[in-house]
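> Here you go, one structure.
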Amino acid sequence: PELAQTLELRKRYRDQLEKAKDSIITSVAAPGFPESLWTAILKHSYVDFDKLNGSHYSAQNEEEGSAAMVGPYILRLKTKSASTPVTTAIDWIHCYEAYERAVLCAYPHRDKELRDYYRMFHQLFRSYAGSAHIRLINLDRAIRNEVASNNLLKLTDTALFSRLREQYLSPDGAGYQASSSPAVRGTGSGSGGSGSGRSRTKVQQACRQWNADRCQRPEDACLYLHQCSGCGGGHTQLKCPQT
């Protein structure tokens with residue numbers, strides 16, 4: 001039933017893509033998400049997390065761009081956010097949270113699938129050392145790419161995960177060898193330092209979504225600390241007595 005719902009909504013969006021895109025973007029319920037990537041969301045296509053990550057670090061978003069005086073007029077040019085490679089658990093979770101909100105805006109019935117997929121990768125990040133996280137990120141890329149190109153697959157398809165896990169996490173797998181290249185090797189997990197992968201994957205940084213009253217994950221399932229980003233207290237920044 002869920003796959004059928006996805007196909008039906010996908011067809012509806014593709015038939016009137018620009019209208020559907022404008023409707024979502026102008027909705028008060030629309031999550032913050034790069035306008036250039038909404039087309040991929042609506043078409044159920046692969047979403048490049050490197051581009052999504054770049055939008056987080058870009059000093060100028062797509063709507064601002066650059067400006068120049070032309071006679072008495074101001075000419076504003078839209079600029080595309082730079083692509084910034086996702087190489088750490090921090091990068092991935094930021095991108096996945098934004099991706100999940102956008103997908104649920106267009107395909108609300110996929111809530112359980114998306115949440116189960118997050119939990120699966122959250123556990124993998126906790127189980128592997130930081131130096132191996134780039135392989136998990138590449139595994140995620142491969143899974144989402146295959147799901148986007150196959151109408152019969154979901155992110156939580158166990159046969160798909162087993163096949164690609166062997167390819168990207170086994171030392172003899174082709175994806176494992178590519179991830180071990182110095183050109184694509186990650187710098188470790190979010191909190192850095194040495195020690196086990198488990199100790200490094202709980203990022204010692206306040207959760208921005210929790211501080212904005214938007215994080216739906218319990219503290220033990222979130223990679224970030226549920227504490228005030230201002231004073232470090234047990235309340236959100238919105239309720240901080242020091243602000």
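Chain lettering (A, B, ...) mirrors the order of the structure tokens, residue numbering begins at 1 for each chain separately, and ligand numbering begins at 1 in order of display.
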Using only C-alpha atoms, determine which residues lie at most 12 Å from Glu166 in chain A, disregarding the query and same-chain residues fewer than 2 positions distant; provide the list as number ranges by chain.
A: 135-136, 139, 142, 159-164, 168-177
> Just the residues within 9 Å of range 105-120 of chain A, please, counting only C-alpha atoms, with nothing from its chain fewer than 2 positions along; format it as a short mmCIF file (atom, residue, chain, number, x, y, z; two decimals) with C-alpha atoms, in the first residue's frame.

data_model
loop_
_atom_site.label_atom_id
_atom_site.label_comp_id
_atom_site.auth_asym_id
_atom_site.auth_seq_id
_atom_site.Cartn_x
_atom_site.Cartn_y
_atom_site.Cartn_z
CA GLU A 2 2.79 2.46 0.82
CA GLN A 5 0.68 5.63 -2.51
CA THR A 6 4.16 6.81 -3.41
CA LEU A 9 1.60 10.91 -5.60
CA ARG A 10 4.72 10.79 -7.78
CA ILE A 24 4.59 23.51 -1.48
CA ALA A 29 3.89 24.48 6.50
CA ALA A 30 6.81 24.08 4.08
CA PRO A 31 10.11 23.21 5.82
CA ILE A 41 11.82 15.49 -3.80
CA LEU A 42 8.55 15.71 -5.74
CA ILE A 93 22.45 13.93 10.21
CA TYR A 96 19.03 13.74 6.60
CA GLU A 97 16.86 15.78 8.98
CA GLU A 100 13.23 13.81 5.93
CA ARG A 101 11.14 16.93 6.59
CA ALA A 102 10.96 17.72 2.88
CA VAL A 103 10.00 14.17 1.88
CA HIS A 122 22.12 5.98 13.69
CA GLN A 123 22.98 2.56 15.10
CA LEU A 124 25.55 1.97 12.36
CA PHE A 125 27.27 5.28 13.13
CA LYS A 154 11.78 1.23 -0.02
CA LEU A 155 14.71 2.58 1.98
CA THR A 156 14.19 -0.20 4.51
CA ALA A 221 18.20 8.54 19.64
#
> Which of these, A:Phe33, A:Glu146, A:Lys43, A:Asp220, has the shortest distance to Asp15 in chain A once you count only C-alpha atoms?
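Residue with the minimum atom-to-atom distance to Asp15 in chain A: A:Lys43.
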> Need to verify the contact set: Gln205 in chain A, 10 Å, only C-alpha atoms, exclusion of same-chain residues closer than 5 positions in sequence. Can you return it as a list of chain:residue names?
A:Ile90, A:Gly190, A:Ser191, A:Leu223, A:Tyr224, A:Leu225, A:His226, A:Gln227, A:Cys228, A:Ser229, A:Gly232
> Please compute the CA of Ile137 in chain A-CA of Leu7 in chain A distance, one decimal, in Å.
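For CA of Ile137 in chain A relative to CA of Leu7 in chain A, the distance reads 26.6 Å.
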> Let me make sure I understand: among A:Ala20, A:Leu152, A:Ala212, A:Ala132, which one has the smallest atom-to-atom distance to Ala4 in chain A if we use only C-alpha atoms?
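Closest to Ala4 in chain A of all the choices is A:Leu152.
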> How many Å lie between CA of Tyr46 in chain A and CA of Ser127 in chain A, rounded to one decimal?
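If I compute the distance from CA of Tyr46 in chain A to CA of Ser127 in chain A, I get 26.4 Å.
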> In terms of the shortest atom-to-atom distance over only C-alpha atoms, which of A:Thr158, A:Asn145, A:Gln167, A:Asn151 is closest to Ala40 in chain A?
A:Asn145
> How many Å separate CA of Asp22 in chain A from CA of Ser45 in chain A?
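Taking CA of Asp22 in chain A as the start and CA of Ser45 in chain A as the end point, the length is 17.9 Å.
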> Run DSSP on the backbone and tell me which residues of range 83-165 of chain A come out as helix (DSSP H, G or I); list them as an mmCIF file with C-alpha atoms, in the first residue's frame.

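Once written, selection-v9.cif looks like this:
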data_model
loop_
_atom_site.group_PDB
_atom_site.id
_atom_site.type_symbol
_atom_site.label_atom_id
_atom_site.label_comp_id
_atom_site.auth_asym_id
_atom_site.auth_seq_id
_atom_site.Cartn_x
_atom_site.Cartn_y
_atom_site.Cartn_z
ATOM 1 C CA ALA A 89 28.178 11.867 10.901
ATOM 2 C CA ILE A 90 27.408 15.517 11.732
ATOM 3 C CA ASP A 91 27.070 16.412 8.057
ATOM 4 C CA TRP A 92 24.880 13.397 7.354
ATOM 5 C CA ILE A 93 22.453 13.927 10.211
ATOM 6 C CA HIS A 94 21.982 17.630 9.359
ATOM 7 C CA CYS A 95 21.222 16.708 5.757
ATOM 8 C CA TYR A 96 19.027 13.738 6.599
ATOM 9 C CA GLU A 97 16.859 15.776 8.980
ATOM 10 C CA ALA A 98 16.249 18.394 6.279
ATOM 11 C CA TYR A 99 15.669 15.667 3.675
ATOM 12 C CA GLU A 100 13.226 13.809 5.929
ATOM 13 C CA ARG A 101 11.139 16.926 6.587
ATOM 14 C CA ALA A 102 10.956 17.717 2.881
ATOM 15 C CA VAL A 103 10.000 14.167 1.877
ATOM 16 C CA LEU A 104 7.280 14.014 4.529
ATOM 17 C CA CYS A 105 5.866 17.282 3.250
ATOM 18 C CA ALA A 106 5.294 15.630 -0.143
ATOM 19 C CA PRO A 108 3.519 11.983 4.499
ATOM 20 C CA HIS A 109 2.753 8.246 4.454
ATOM 21 C CA ARG A 110 6.514 7.493 4.422
ATOM 22 C CA ASP A 111 6.984 8.581 8.040
ATOM 23 C CA LYS A 112 7.712 5.114 9.463
ATOM 24 C CA GLU A 113 10.004 4.171 6.572
ATOM 25 C CA LEU A 114 12.085 7.330 6.987
ATOM 26 C CA ARG A 115 12.261 7.044 10.772
ATOM 27 C CA ASP A 116 13.254 3.366 10.660
ATOM 28 C CA TYR A 117 15.948 4.183 8.101
ATOM 29 C CA TYR A 118 17.335 6.921 10.346
ATOM 30 C CA ARG A 119 17.420 4.572 13.339
ATOM 31 C CA MET A 120 19.254 1.958 11.300
ATOM 32 C CA PHE A 121 21.980 4.390 10.247
ATOM 33 C CA HIS A 122 22.123 5.982 13.692
ATOM 34 C CA GLN A 123 22.980 2.558 15.095
ATOM 35 C CA LEU A 124 25.555 1.974 12.358
ATOM 36 C CA PHE A 125 27.265 5.284 13.134
ATOM 37 C CA ARG A 126 27.388 4.246 16.797
ATOM 38 C CA SER A 127 28.792 0.826 15.925
ATOM 39 C CA GLY A 130 34.695 7.496 12.948
ATOM 40 C CA SER A 131 37.227 6.603 10.260
ATOM 41 C CA ALA A 132 34.654 4.233 8.754
ATOM 42 C CA HIS A 133 31.797 6.728 8.648
ATOM 43 C CA ILE A 134 32.560 7.761 5.067
ATOM 44 C CA ARG A 135 31.743 4.173 4.067
ATOM 45 C CA LEU A 136 28.383 4.412 5.806
ATOM 46 C CA ILE A 137 27.714 7.694 4.018
ATOM 47 C CA ASN A 138 28.536 6.075 0.685
ATOM 48 C CA LEU A 139 26.294 3.138 1.598
ATOM 49 C CA ASP A 140 23.445 5.575 2.221
ATOM 50 C CA ARG A 141 24.071 7.241 -1.148
ATOM 51 C CA ALA A 142 23.884 3.879 -2.911
ATOM 52 C CA ILE A 143 20.677 2.848 -1.121
ATOM 53 C CA ARG A 144 18.860 6.126 -1.802
ATOM 54 C CA ASN A 145 20.000 6.079 -5.426
ATOM 55 C CA GLU A 146 18.618 2.574 -6.028
ATOM 56 C CA VAL A 147 15.337 3.332 -4.255
ATOM 57 C CA ALA A 148 14.895 6.459 -6.376
ATOM 58 C CA THR A 158 16.335 -5.751 3.736
ATOM 59 C CA ALA A 159 17.564 -7.525 0.586
ATOM 60 C CA LEU A 160 18.814 -4.240 -0.874
ATOM 61 C CA PHE A 161 20.576 -3.338 2.381
ATOM 62 C CA SER A 162 22.251 -6.751 2.665
ATOM 63 C CA ARG A 163 23.588 -6.590 -0.892
ATOM 64 C CA LEU A 164 24.902 -3.035 -0.669
ATOM 65 C CA ARG A 165 26.231 -3.461 2.858
#
> May I ask which of the residues A:Thr26, A:Thr236, A:Ser149, A:Thr39 is the closest one to Arg214 in chain A, counting only C-alpha atoms?
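Among A:Thr26, A:Thr236, A:Ser149, A:Thr39, it is A:Thr236 that comes nearest to Arg214 in chain A.
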